[in-house]
>>> print(open('start_9.cif').read())   # mmCIF, C-alpha atoms and all ligand atoms
data_data
loop_
_atom_site.label_atom_id
_atom_site.label_comp_id
_atom_site.auth_asym_id
_atom_site.auth_seq_id
_atom_site.Cartn_x
_atom_site.Cartn_y
_atom_site.Cartn_z
CA MET A 1 26.31 11.71 11.42
CA HIS A 2 26.99 13.35 8.06
CA ASN A 3 24.09 12.84 5.67
CA TYR A 4 25.14 12.21 2.06
CA LEU A 5 21.59 11.85 0.77
CA THR A 6 19.45 14.41 -1.07
CA PRO A 7 17.33 16.25 1.50
CA ASN A 8 13.89 15.03 0.35
CA PHE A 9 13.35 13.07 3.58
CA THR A 10 13.34 14.30 7.16
CA PHE A 11 14.96 11.39 8.95
CA ALA A 12 14.04 10.51 12.54
CA PRO A 13 16.84 11.11 15.05
CA ILE A 14 17.67 7.42 15.55
CA LEU A 15 19.68 4.95 13.49
CA PRO A 16 17.88 1.58 13.32
CA ASP A 17 20.45 -1.19 13.43
CA HIS A 18 18.72 -4.56 13.70
CA ALA A 19 15.26 -6.01 14.29
CA GLN A 20 13.33 -9.16 15.08
CA GLY A 21 9.58 -9.71 14.83
CA SER A 22 7.91 -6.48 15.99
CA ARG A 23 10.98 -5.15 17.86
CA VAL A 24 13.68 -2.86 16.45
CA TRP A 25 16.97 -1.78 18.09
CA ASP A 26 18.97 1.32 17.23
CA ASP A 27 22.76 1.62 17.13
CA ASN A 28 22.74 2.54 20.85
CA GLY A 29 20.90 -0.66 21.76
CA GLN A 30 17.65 1.20 22.50
CA GLU A 31 14.62 -1.02 21.79
CA TYR A 32 11.43 0.04 19.96
CA ILE A 33 8.09 -1.69 19.37
CA ASP A 34 7.29 -1.47 15.70
CA LEU A 35 3.65 -0.68 14.96
CA ALA A 36 4.61 1.07 11.71
CA GLY A 37 5.74 -2.04 9.84
CA GLY A 38 8.04 -0.11 7.51
CA ILE A 39 4.91 1.68 6.18
CA ALA A 40 2.84 -1.48 5.67
CA VAL A 41 5.77 -3.42 4.18
CA ASN A 42 7.06 -5.72 6.95
CA ALA A 43 3.89 -7.79 6.96
CA LEU A 44 5.58 -10.71 8.71
CA GLY A 45 7.62 -8.56 11.05
CA HIS A 46 11.40 -8.33 10.82
CA CYS A 47 13.77 -11.17 9.90
CA HIS A 48 11.12 -13.90 9.69
CA PRO A 49 13.10 -17.18 9.63
CA VAL A 50 11.12 -18.63 6.69
CA LEU A 51 11.83 -15.54 4.60
CA ILE A 52 15.53 -15.62 5.54
CA GLN A 53 15.60 -19.26 4.46
CA ALA A 54 13.88 -18.47 1.12
CA LEU A 55 16.21 -15.53 0.47
CA THR A 56 19.41 -17.40 1.29
CA ALA A 57 18.37 -20.54 -0.62
CA GLN A 58 17.67 -18.43 -3.73
CA ALA A 59 20.87 -16.42 -3.17
CA HIS A 60 22.82 -19.66 -3.64
CA LYS A 61 20.96 -20.45 -6.89
CA LEU A 62 20.29 -17.43 -9.13
CA TRP A 63 20.16 -13.69 -8.40
CA HIS A 64 19.37 -12.12 -11.74
CA ILE A 65 19.14 -13.24 -15.33
CA SER A 66 17.10 -10.47 -17.12
CA ASN A 67 13.72 -10.55 -18.80
CA ILE A 68 15.18 -12.34 -21.79
CA TYR A 69 14.26 -15.36 -19.63
CA THR A 70 11.55 -16.16 -17.14
CA THR A 71 12.39 -18.04 -13.94
CA GLN A 72 10.65 -20.54 -11.69
CA PRO A 73 10.28 -18.11 -8.74
CA ALA A 74 8.58 -15.52 -11.01
CA GLN A 75 6.20 -18.14 -12.43
CA ASP A 76 5.52 -19.52 -8.95
CA LEU A 77 4.64 -16.11 -7.48
CA ALA A 78 2.50 -15.15 -10.49
CA LYS A 79 0.62 -18.47 -10.17
CA ARG A 80 -0.11 -17.81 -6.50
CA LEU A 81 -1.48 -14.34 -7.33
CA VAL A 82 -3.58 -15.66 -10.22
CA ASP A 83 -4.93 -18.66 -8.30
CA ASN A 84 -6.13 -16.45 -5.44
CA THR A 85 -7.61 -13.45 -7.26
CA PHE A 86 -9.65 -12.35 -10.30
CA ALA A 87 -6.41 -12.06 -12.29
CA GLU A 88 -5.10 -14.23 -15.13
CA GLN A 89 -1.82 -12.43 -15.78
CA VAL A 90 0.82 -10.61 -13.73
CA PHE A 91 3.44 -7.98 -14.64
CA PHE A 92 6.29 -7.74 -12.13
CA CYS A 93 8.18 -4.55 -11.33
CA ASN A 94 9.95 -3.08 -8.29
CA SER A 95 7.60 -0.75 -6.41
CA GLY A 96 4.07 0.49 -5.96
CA ALA A 97 4.63 3.46 -8.23
CA GLU A 98 5.88 1.15 -10.98
CA ALA A 99 2.90 -1.18 -10.55
CA ASN A 100 0.56 1.81 -10.96
CA GLU A 101 2.60 3.25 -13.82
CA ALA A 102 2.18 -0.11 -15.58
CA ALA A 103 -1.56 -0.09 -14.81
CA PHE A 104 -2.08 3.41 -16.24
CA LYS A 105 0.04 2.72 -19.32
CA LEU A 106 -1.81 -0.56 -19.91
CA ALA A 107 -5.20 1.18 -19.59
CA ARG A 108 -4.17 3.73 -22.23
CA LYS A 109 -2.74 1.06 -24.53
CA TYR A 110 -5.80 -1.15 -24.13
CA ALA A 111 -8.07 1.77 -25.08
CA ARG A 112 -5.87 2.53 -28.09
CA ASP A 113 -5.93 -1.13 -29.18
CA HIS A 114 -9.69 -1.52 -28.84
CA PHE A 115 -11.11 1.95 -29.49
CA ALA A 116 -8.76 3.25 -32.19
CA GLY A 117 -9.49 6.72 -33.48
CA THR A 118 -11.39 7.78 -30.34
CA GLU A 119 -10.15 10.07 -27.58
CA LYS A 120 -10.40 7.35 -24.96
CA HIS A 121 -7.43 8.20 -22.78
CA GLU A 122 -8.74 9.95 -19.65
CA ILE A 123 -7.97 8.61 -16.21
CA ILE A 124 -10.36 9.44 -13.35
CA ALA A 125 -8.77 9.46 -9.89
CA CYS A 126 -9.68 10.67 -6.41
CA VAL A 127 -8.82 13.87 -4.59
CA ASN A 128 -6.20 13.08 -1.90
CA GLY A 129 -5.38 9.75 -3.54
CA PHE A 130 -1.78 8.54 -3.57
CA HIS A 131 -0.33 6.30 -6.28
CA GLY A 132 3.44 6.86 -6.18
CA ARG A 133 6.12 9.37 -7.12
CA THR A 134 6.85 8.87 -10.82
CA LEU A 135 5.64 11.80 -12.90
CA PHE A 136 2.61 9.91 -14.20
CA THR A 137 1.60 8.40 -10.84
CA VAL A 138 2.14 11.63 -8.92
CA SER A 139 -0.06 13.40 -11.47
CA VAL A 140 -2.80 10.79 -11.13
CA GLY A 141 -2.49 11.10 -7.34
CA GLY A 142 -4.85 13.73 -6.02
CA GLN A 143 -2.39 15.78 -3.96
CA PRO A 144 -1.11 18.72 -6.03
CA LYS A 145 1.54 19.51 -3.38
CA TYR A 146 3.42 16.42 -4.62
CA SER A 147 3.17 17.23 -8.34
CA ASN A 148 3.03 21.00 -8.81
CA ASP A 149 6.80 21.52 -8.63
CA PHE A 150 7.34 19.13 -11.52
CA ALA A 151 5.06 20.69 -14.15
CA PRO A 152 4.40 20.34 -17.03
CA LEU A 153 2.54 17.22 -15.97
CA PRO A 154 0.96 14.46 -18.08
CA THR A 155 -2.57 15.46 -19.13
CA GLY A 156 -5.86 13.60 -19.47
CA ILE A 157 -6.35 13.12 -15.72
CA LYS A 158 -9.43 14.24 -13.73
CA HIS A 159 -9.98 14.17 -9.97
CA ILE A 160 -13.27 13.62 -8.16
CA PRO A 161 -13.99 13.69 -4.42
CA PHE A 162 -13.40 10.31 -2.74
CA ASN A 163 -16.59 8.39 -1.89
CA ASP A 164 -18.75 10.73 -4.01
CA SER A 165 -20.85 8.33 -6.08
CA SER A 166 -22.65 10.99 -8.10
CA ALA A 167 -19.32 12.67 -8.93
CA ILE A 168 -17.96 9.44 -10.34
CA VAL A 169 -21.08 8.84 -12.39
CA ALA A 170 -20.82 12.38 -13.77
CA ALA A 171 -17.07 12.20 -14.48
CA VAL A 172 -16.85 8.88 -16.34
CA ASN A 173 -17.69 9.12 -20.04
CA ASP A 174 -16.64 7.57 -23.35
CA LYS A 175 -13.29 9.38 -23.14
CA THR A 176 -12.47 7.56 -19.90
CA CYS A 177 -9.99 4.71 -20.24
CA ALA A 178 -9.69 3.97 -16.51
CA VAL A 179 -10.83 4.83 -13.00
CA VAL A 180 -8.35 4.30 -10.16
CA ILE A 181 -9.32 3.99 -6.50
CA GLU A 182 -7.57 2.96 -3.27
CA PRO A 183 -10.06 0.73 -1.36
CA ILE A 184 -8.76 2.54 1.74
CA GLN A 185 -7.01 5.86 1.10
CA GLY A 186 -3.82 5.20 3.05
CA GLU A 187 -1.46 8.14 2.83
CA SER A 188 -4.17 10.75 3.17
CA GLY A 189 -5.70 9.47 6.41
CA VAL A 190 -6.79 5.78 6.38
CA LEU A 191 -10.20 6.50 4.85
CA PRO A 192 -12.17 3.42 3.73
CA ALA A 193 -14.12 3.60 0.46
CA THR A 194 -17.81 2.84 0.75
CA GLU A 195 -19.24 -0.17 -1.06
CA GLU A 196 -21.70 2.17 -2.78
CA PHE A 197 -18.82 4.25 -4.20
CA LEU A 198 -16.95 1.18 -5.48
CA GLN A 199 -20.14 -0.17 -7.04
CA ALA A 200 -20.91 3.18 -8.67
CA ALA A 201 -17.38 3.18 -10.10
CA ARG A 202 -17.82 -0.36 -11.46
CA GLU A 203 -21.16 0.48 -13.07
CA ALA A 204 -19.86 3.72 -14.59
CA CYS A 205 -16.84 1.85 -16.01
CA ASP A 206 -19.09 -0.85 -17.47
CA ARG A 207 -21.38 1.75 -19.06
CA HIS A 208 -18.45 3.44 -20.80
CA GLN A 209 -16.10 0.49 -21.35
CA ALA A 210 -13.47 1.87 -19.01
CA LEU A 211 -11.19 -0.19 -16.77
CA LEU A 212 -11.50 -0.20 -13.00
CA ILE A 213 -8.12 -0.16 -11.24
CA PHE A 214 -7.77 -0.79 -7.51
CA ASP A 215 -4.52 0.46 -6.02
CA GLU A 216 -3.90 -2.14 -3.31
CA VAL A 217 -0.25 -1.25 -2.74
CA GLN A 218 -0.99 -0.44 0.91
CA THR A 219 -4.20 -2.42 1.51
CA GLY A 220 -3.10 -5.64 -0.17
CA MET A 221 -1.37 -8.83 0.94
CA GLY A 222 -3.54 -9.51 3.97
CA ARG A 223 -3.32 -6.09 5.61
CA THR A 224 -7.10 -5.83 6.05
CA GLY A 225 -7.77 -9.48 6.88
CA LYS A 226 -8.30 -10.62 3.29
CA LEU A 227 -5.60 -11.05 0.66
CA PHE A 228 -6.86 -7.87 -1.04
CA ALA A 229 -9.23 -5.33 0.52
CA HIS A 230 -11.55 -5.27 -2.51
CA GLN A 231 -12.37 -8.92 -1.79
CA TYR A 232 -14.64 -7.65 0.99
CA TYR A 233 -16.90 -6.18 -1.70
CA ASP A 234 -18.89 -7.61 -4.53
CA VAL A 235 -16.95 -5.46 -7.00
CA GLN A 236 -14.55 -7.02 -9.47
CA PRO A 237 -11.64 -4.89 -10.73
CA ASP A 238 -9.92 -5.10 -14.13
CA ILE A 239 -6.48 -4.28 -12.76
CA VAL A 240 -4.99 -4.40 -9.24
CA SER A 241 -1.60 -3.00 -8.23
CA SER A 242 0.40 -4.54 -5.40
CA ALA A 243 3.80 -3.89 -3.81
CA LYS A 244 4.91 -3.12 -0.22
CA ALA A 245 4.03 -6.35 1.68
CA LEU A 246 4.35 -8.46 -1.48
CA GLY A 247 8.07 -8.79 -0.77
CA CYS A 248 7.89 -8.06 2.98
CA GLY A 249 10.87 -5.72 2.62
CA ILE A 250 12.49 -7.00 -0.57
CA PRO A 251 11.55 -4.49 -3.30
CA ILE A 252 8.91 -5.91 -5.67
CA GLY A 253 5.71 -4.68 -7.26
CA ALA A 254 3.08 -6.43 -9.35
CA MET A 255 0.24 -5.47 -11.64
CA LEU A 256 -2.54 -8.06 -11.83
CA THR A 257 -5.03 -8.17 -14.67
CA THR A 258 -7.13 -10.36 -16.97
CA ALA A 259 -5.74 -12.00 -20.12
CA GLN A 260 -8.03 -9.91 -22.34
CA ILE A 261 -6.52 -6.69 -20.96
CA GLY A 262 -2.99 -7.92 -20.25
CA ASN A 263 -2.58 -9.01 -23.87
CA SER A 264 -2.29 -5.34 -24.82
CA PHE A 265 1.20 -5.46 -23.29
CA THR A 266 2.71 -6.95 -26.44
CA PRO A 267 6.45 -7.77 -26.59
CA GLY A 268 8.48 -4.59 -26.21
CA SER A 269 5.58 -2.35 -25.16
CA HIS A 270 6.59 -2.14 -21.49
CA GLY A 271 9.38 -3.53 -19.35
CA SER A 272 11.66 -3.44 -16.32
CA THR A 273 15.24 -4.68 -15.86
CA PHE A 274 14.65 -6.00 -12.36
CA GLY A 275 10.94 -6.91 -12.61
CA GLY A 276 10.45 -10.60 -11.75
CA ASN A 277 13.86 -10.77 -10.09
CA PRO A 278 14.34 -14.32 -8.72
CA LEU A 279 15.45 -13.20 -5.23
CA ALA A 280 12.40 -10.93 -4.79
CA CYS A 281 10.01 -13.53 -6.23
CA ALA A 282 11.39 -16.35 -4.06
CA VAL A 283 10.82 -14.22 -0.94
CA GLY A 284 7.41 -13.21 -2.33
CA CYS A 285 6.39 -16.88 -2.63
CA ALA A 286 7.48 -17.70 0.92
CA ALA A 287 5.70 -14.59 2.24
CA PHE A 288 2.56 -15.39 0.27
CA ASP A 289 2.39 -18.91 1.73
CA ILE A 290 2.40 -17.53 5.27
CA ILE A 291 0.16 -14.52 4.64
CA ASN A 292 -2.51 -16.37 2.67
CA THR A 293 -3.48 -18.76 5.47
CA PRO A 294 -6.56 -18.80 7.73
CA GLU A 295 -4.24 -18.49 10.78
CA THR A 296 -2.59 -15.25 9.60
CA MET A 297 -5.88 -13.73 8.41
CA GLN A 298 -7.45 -14.68 11.73
CA ASN A 299 -4.60 -12.97 13.59
CA VAL A 300 -5.05 -9.81 11.51
CA LEU A 301 -8.76 -9.65 12.33
CA GLN A 302 -8.34 -10.54 15.99
CA GLN A 303 -5.36 -8.28 16.70
CA GLY A 304 -6.89 -5.54 14.54
CA LYS A 305 -9.98 -5.59 16.75
CA LYS A 306 -7.91 -5.53 19.95
CA LEU A 307 -5.68 -2.73 18.71
CA GLN A 308 -8.66 -0.70 17.53
CA ALA A 309 -10.37 -1.21 20.91
CA GLY A 310 -7.21 -0.15 22.76
CA LEU A 311 -6.86 2.96 20.60
CA GLN A 312 -10.54 3.76 21.10
CA GLU A 313 -10.03 3.50 24.86
CA LEU A 314 -7.11 5.92 24.60
CA ALA A 315 -9.27 8.22 22.46
CA GLU A 316 -11.94 8.29 25.17
CA SER A 317 -9.66 8.52 28.19
CA THR A 318 -7.32 11.20 26.79
CA GLY A 319 -9.46 13.11 24.28
CA VAL A 320 -6.53 13.20 21.85
CA PHE A 321 -8.28 11.31 19.04
CA SER A 322 -11.71 12.13 17.63
CA GLN A 323 -12.00 8.90 15.65
CA VAL A 324 -10.25 5.54 15.29
CA ARG A 325 -10.86 3.94 11.89
CA GLY A 326 -9.55 1.43 9.38
CA GLN A 327 -9.73 -2.28 8.75
CA GLY A 328 -7.69 -5.22 10.02
CA LEU A 329 -4.21 -3.96 10.84
CA LEU A 330 -4.35 -0.70 8.88
CA LEU A 331 -5.61 1.79 11.44
CA GLY A 332 -5.82 5.57 11.63
CA CYS A 333 -6.44 7.78 14.66
CA ALA A 334 -7.75 11.22 13.66
CA MET A 335 -6.50 13.98 15.99
CA SER A 336 -9.28 15.77 17.86
CA GLU A 337 -9.99 19.46 17.35
CA ALA A 338 -7.76 20.56 20.24
CA TYR A 339 -4.74 18.74 18.76
CA SER A 340 -5.55 19.34 15.11
CA GLY A 341 -2.53 19.07 12.77
CA LYS A 342 -0.24 17.69 15.48
CA ALA A 343 -0.02 14.02 14.47
CA ALA A 344 3.71 14.31 13.64
CA GLN A 345 4.44 15.75 17.09
CA LEU A 346 2.76 12.74 18.70
CA MET A 347 4.69 10.39 16.41
CA GLN A 348 7.96 11.98 17.58
CA LEU A 349 6.98 11.58 21.21
CA ALA A 350 6.06 7.96 20.57
CA LEU A 351 9.58 7.41 19.23
CA GLN A 352 11.00 8.90 22.43
CA HIS A 353 8.85 6.40 24.34
CA GLY A 354 10.14 3.41 22.37
CA LEU A 355 7.35 3.09 19.82
CA LEU A 356 7.40 3.32 16.01
CA VAL A 357 4.16 4.63 14.50
CA LEU A 358 3.32 6.59 11.34
CA VAL A 359 1.32 9.59 10.30
CA ALA A 360 -1.07 9.87 7.35
CA GLY A 361 -1.27 13.55 6.48
CA ASN A 362 -0.82 15.97 9.37
CA ASN A 363 -3.93 14.98 11.28
CA VAL A 364 -3.90 11.20 11.50
CA LEU A 365 -1.66 8.84 13.46
CA ARG A 366 -1.38 5.62 11.43
CA LEU A 367 -0.54 2.07 12.48
CA ALA A 368 0.38 -0.75 10.10
CA PRO A 369 2.12 -3.40 12.23
CA SER A 370 3.15 -6.95 11.44
CA LEU A 371 0.25 -9.23 10.50
CA LEU A 372 1.71 -11.65 13.06
CA LEU A 373 1.54 -9.08 15.88
CA SER A 374 1.51 -10.86 19.26
CA ASP A 375 -0.57 -9.94 22.31
CA ALA A 376 2.56 -8.98 24.25
CA ASP A 377 3.79 -6.55 21.55
CA LEU A 378 0.28 -5.15 21.05
CA GLN A 379 -0.24 -4.44 24.76
CA ALA A 380 3.28 -3.06 25.25
CA GLY A 381 2.78 -0.86 22.19
CA LEU A 382 -0.47 0.55 23.58
CA GLN A 383 1.22 1.22 26.93
CA ARG A 384 4.04 3.13 25.27
CA LEU A 385 1.52 5.08 23.19
CA LYS A 386 -0.35 5.98 26.36
CA ALA A 387 2.87 7.28 27.91
CA ALA A 388 3.61 9.29 24.76
CA ILE A 389 0.09 10.75 24.79
CA THR A 390 0.48 11.75 28.45
CA ALA A 391 3.69 13.62 27.58
CA PHE A 392 2.00 15.11 24.48
CA ILE A 393 -0.93 16.49 26.47
CA HIS A 394 1.43 18.12 28.97
CA ILE A 395 3.58 19.94 26.43
N1 LIG A 401 0.01 3.43 -3.90
C1 LIG A 401 -0.31 3.49 -2.61
C2 LIG A 401 -1.74 3.31 -2.20
C3 LIG A 401 0.68 3.72 -1.65
O1 LIG A 401 0.34 3.80 -0.34
C4 LIG A 401 2.02 3.88 -2.07
C5 LIG A 401 3.08 4.16 -1.10
O2 LIG A 401 2.88 4.60 0.00
C6 LIG A 401 2.30 3.80 -3.44
C7 LIG A 401 1.27 3.58 -4.32
C8 LIG A 401 3.70 3.99 -3.93
O3 LIG A 401 4.46 2.85 -3.64
P1 LIG A 401 6.06 2.93 -3.73
O4 LIG A 401 6.52 3.89 -2.71
O5 LIG A 401 6.50 1.51 -3.50
O6 LIG A 401 6.39 3.40 -5.11
#
>>> encode(input="start_9.cif", output="structure tokens", more="lines below")
Ligand code: PLP
Amino acid sequence: MHNYLTPNFTFAPILPDHAQGSRVWDDNGQEYIDLAGGIAVNALGHCHPVLIQALTAQAHKLWHISNIYTTQPAQDLAKRLVDNTFAEQVFFCNSGAEANEAAFKLARKYARDHFAGTEKHEIIACVNGFHGRTLFTVSVGGQPKYSNDFAPLPTGIKHIPFNDSSAIVAAVNDKTCAVVIEPIQGESGVLPATEEFLQAAREACDRHQALLIFDEVQTGMGRTGKLFAHQYYDVQPDIVSSAKALGCGIPIGAMLTTAQIGNSFTPGSHGSTFGGNPLACAVGCAAFDIINTPETMQNVLQQGKKLQAGLQELAESTGVFSQVRGQGLLLGCAMSEAYSGKAAQLMQLALQHGLLVLVAGNNVLRLAPSLLLSDADLQAGLQRLKAAITAFIHI
């Protein structure tokens, strides 16, 4: 097939054609079990009938009207987010990067509004963090390989080692306007933050009147067994970013915050043509009402445990993984010493064995399946992974 797209992605050698639940078929009719979930997006699997119904019903009513108006779906989704979190206000956009961009801009504007004349503009982020691909978010992200080629970069950003409580205490000062942390570093290897680290960040922010931002683009919307991963901890953020599973495949992002902070986004200070789009928000509402139920959260915890146990068994029987980690249905398998750096090779073999999985960096195989994952798909997925590992070991 001729590829008309810019070459910034290395596409897999199949052409996905249609999908249902946790199964995907390519244009040759070959079937795959999807334990990748569109990189933690397809939280309710593929083509969930309730989402199709919400999308088609809204498609017959109103597609787009612009931010000169608000709409009922946007208000309804914002209300759901506010009613179920610390937040009092929501800004809608189209992606995780845009949600973080809004968060960082708001933190700078809030500091300007409340600490005029000071140099309070610094953002503290974590080494190996990932916050998106706009110039600001890629600069805040702690992976220079993604930003170096685009210099000069925005300034006023410092990076500290993830989970290093003394480093965060030392880095935050009166110049800090915000600290941003992923509760589980997703892209760089499915590494959970410790409660001690999150608490140290909160205390340092409080001492210096800085805002604490949790990037929950990957960990949010039920992925870990709670609506947002930070809800496992006794640490309240000032801003949370969400995207990915918020629309279950329809592009939408959201920045959640308090009224005190959100009020710094005065009319005209920030915006988005498509943010709050009625189609995306209608799907978001329907998705929210399925995700935010005891049954779905129970399934995440139960299937997460089973999947983790199955992966652990594979780790022990094959010696391919040195550690299986993560929370709920966001799991990472670190490659053992003998197979160091070969996660992508295993992912390719999994594809050949009818299984979609992900990598996180070059040393971790990552799984982020549907939150509704069934026993049958889970067990079949593990079997196919076992077959792929057997082929991998014998290369
Ligand atoms: N933040 C985190 C934690 C992510 O994992 C991602 C995407 O992988 C993003 C931000 C960027 O989201 P998007 O690709 O929707 O811009």
>>> closest_residue(input="start_9.cif", among="A:Thr224, A:Gln236, A:Ser241, A:Thr71", to="ligand LIG 401 (chain A)", atoms="only C-alpha atoms and all ligand atoms")
A:Ser241
>>> closest_atom_pairs(input="start_9.cif", of="chain A", to="ligand LIG 401 (chain A)", cutoff="8 Å", atoms="only C-alpha atoms and all ligand atoms", output="JSON lines")
{"residue": "A:Ile39", "atom": "CA", "partner": "A:LIG401", "partner_atom": "O2", "distance": 7.1}
{"residue": "A:Asn94", "atom": "CA", "partner": "A:LIG401", "partner_atom": "O5", "distance": 7.5}
{"residue": "A:Ser95", "atom": "CA", "partner": "A:LIG401", "partner_atom": "O5", "distance": 3.8}
{"residue": "A:Gly96", "atom": "CA", "partner": "A:LIG401", "partner_atom": "O3", "distance": 3.3}
{"residue": "A:Ala97", "atom": "CA", "partner": "A:LIG401", "partner_atom": "O6", "distance": 3.6}
{"residue": "A:Glu98", "atom": "CA", "partner": "A:LIG401", "partner_atom": "O6", "distance": 6.3}
{"residue": "A:Ala99", "atom": "CA", "partner": "A:LIG401", "partner_atom": "O6", "distance": 7.9}
{"residue": "A:Asn100", "atom": "CA", "partner": "A:LIG401", "partner_atom": "C7", "distance": 6.9}
{"residue": "A:Gly129", "atom": "CA", "partner": "A:LIG401", "partner_atom": "C2", "distance": 7.5}
{"residue": "A:Phe130", "atom": "CA", "partner": "A:LIG401", "partner_atom": "C1", "distance": 5.3}
{"residue": "A:His131", "atom": "CA", "partner": "A:LIG401", "partner_atom": "C7", "distance": 3.7}
{"residue": "A:Gly132", "atom": "CA", "partner": "A:LIG401", "partner_atom": "C8", "distance": 3.7}
{"residue": "A:Arg133", "atom": "CA", "partner": "A:LIG401", "partner_atom": "O6", "distance": 6.3}
{"residue": "A:Thr134", "atom": "CA", "partner": "A:LIG401", "partner_atom": "O6", "distance": 7.9}
{"residue": "A:Glu182", "atom": "CA", "partner": "A:LIG401", "partner_atom": "C2", "distance": 5.9}
{"residue": "A:Gln185", "atom": "CA", "partner": "A:LIG401", "partner_atom": "C2", "distance": 6.7}
{"residue": "A:Gly186", "atom": "CA", "partner": "A:LIG401", "partner_atom": "O1", "distance": 5.5}
{"residue": "A:Glu187", "atom": "CA", "partner": "A:LIG401", "partner_atom": "O1", "distance": 5.7}
{"residue": "A:Asp215", "atom": "CA", "partner": "A:LIG401", "partner_atom": "C2", "distance": 5.5}
{"residue": "A:Glu216", "atom": "CA", "partner": "A:LIG401", "partner_atom": "C2", "distance": 6.0}
{"residue": "A:Val217", "atom": "CA", "partner": "A:LIG401", "partner_atom": "C1", "distance": 4.7}
{"residue": "A:Gln218", "atom": "CA", "partner": "A:LIG401", "partner_atom": "O1", "distance": 4.6}
{"residue": "A:Thr219", "atom": "CA", "partner": "A:LIG401", "partner_atom": "C2", "distance": 7.3}
{"residue": "A:Ser241", "atom": "CA", "partner": "A:LIG401", "partner_atom": "N1", "distance": 7.9}
{"residue": "A:Ala243", "atom": "CA", "partner": "A:LIG401", "partner_atom": "O5", "distance": 6.0}
{"residue": "A:Lys244", "atom": "CA", "partner": "A:LIG401", "partner_atom": "O5", "distance": 5.9}
{"residue": "A:Pro251", "atom": "CA", "partner": "A:LIG401", "partner_atom": "O5", "distance": 7.8}
{"residue": "A:Gly253", "atom": "CA", "partner": "A:LIG401", "partner_atom": "O5", "distance": 7.3}
>>> residues_near_point(input="start_9.cif", point="(-12.6, 8.8, 5.5)", cutoff="9 Å", atoms="all atoms listed in the file", output="PyMOL selection string")
chain A and resi 162-163+184-185+188-193+325-326
>>> closest_residue(input="start_9.cif", among="A:Ala387, A:Met1, A:Ala57, A:Cys47", to="His18 in chain A", atoms="only C-alpha atoms")
A:Cys47
>>> residues_around(input="start_9.cif", residues="Ala170 in chain A", least_positions_apart="5", cutoff="12 Å", atoms="only C-alpha atoms", output="list in words")
Ile124, Lys158, His159, Ile160, Pro161, Asp164, Ser165, Thr176, Ala200, Ala201, Glu203, Ala204, Cys205, Arg207 and His208 of chain A
>>> atom_distance(input="start_9.cif", atom1="CA of His46 in chain A", atom2="CA of Val24 in chain A")
8.2 Å
>>> closest_residue(input="start_9.cif", among="A:Val320, A:Ala388, A:Val50, A:Leu329", to="Leu356 in chain A", atoms="only C-alpha atoms")
A:Ala388
>>> residues_around(input="start_9.cif", residues="Thr155 in chain A", least_positions_apart="6", cutoff="12 Å", atoms="all atoms listed in the file", output="list of chain:residue names")
A:His121, A:Glu122, A:Ile123, A:Ile124, A:Leu135, A:Phe136, A:Thr137, A:Val138, A:Ser139, A:Val140
>>> residues_around(input="start_9.cif", residues="Ala380 in chain A", least_positions_apart="5", cutoff="9 Å", atoms="all atoms listed in the file", output="list of chain:residue names")
A:Ile33, A:Asp375, A:Leu385
>>> residues_near_point(input="start_9.cif", point="(3.1, 14.3, 20.0)", cutoff="8 Å", atoms="all atoms listed in the file", output="compact mmCIF listing (two decimals) with C-alpha atoms, in the frame of the given file")
# COMPACT_ATOMS: atom_id res chain seq x y z
CA LYS A 342 -0.24 17.69 15.48
CA ALA A 343 -0.02 14.02 14.47
CA ALA A 344 3.71 14.31 13.64
CA GLN A 345 4.44 15.75 17.09
CA LEU A 346 2.76 12.74 18.70
CA MET A 347 4.69 10.39 16.41
CA GLN A 348 7.96 11.98 17.58
CA LEU A 349 6.98 11.58 21.21
CA ALA A 350 6.06 7.96 20.57
CA ALA A 388 3.61 9.29 24.76
CA ILE A 389 0.09 10.75 24.79
CA ALA A 391 3.69 13.62 27.58
CA PHE A 392 2.00 15.11 24.48
CA ILE A 393 -0.93 16.49 26.47
>>> residues_around(input="start_9.cif", residues="range 35-38 of chain A", least_positions_apart="2", cutoff="9 Å", atoms="all atoms listed in the file", output="list in words")
Ser22, Ile33, Ala40, Val41, Asn42, Ala43, Leu44, Gly45, His46, Lys244, Gly249, Leu355, Leu356, Val357, Leu358, Arg366, Leu367, Ala368, Pro369, Ser370, Leu373, Asp377, Leu378 and Gly381 of chain A
>>> closest_residue(input="start_9.cif", among="A:Leu365, A:Ala103, A:Ala254, A:Cys126", to="Ser336 in chain A", atoms="only C-alpha atoms")
A:Leu365
>>> atom_distance(input="start_9.cif", atom1="CA of His230 in chain A", atom2="CA of Asp206 in chain A")
17.3 Å
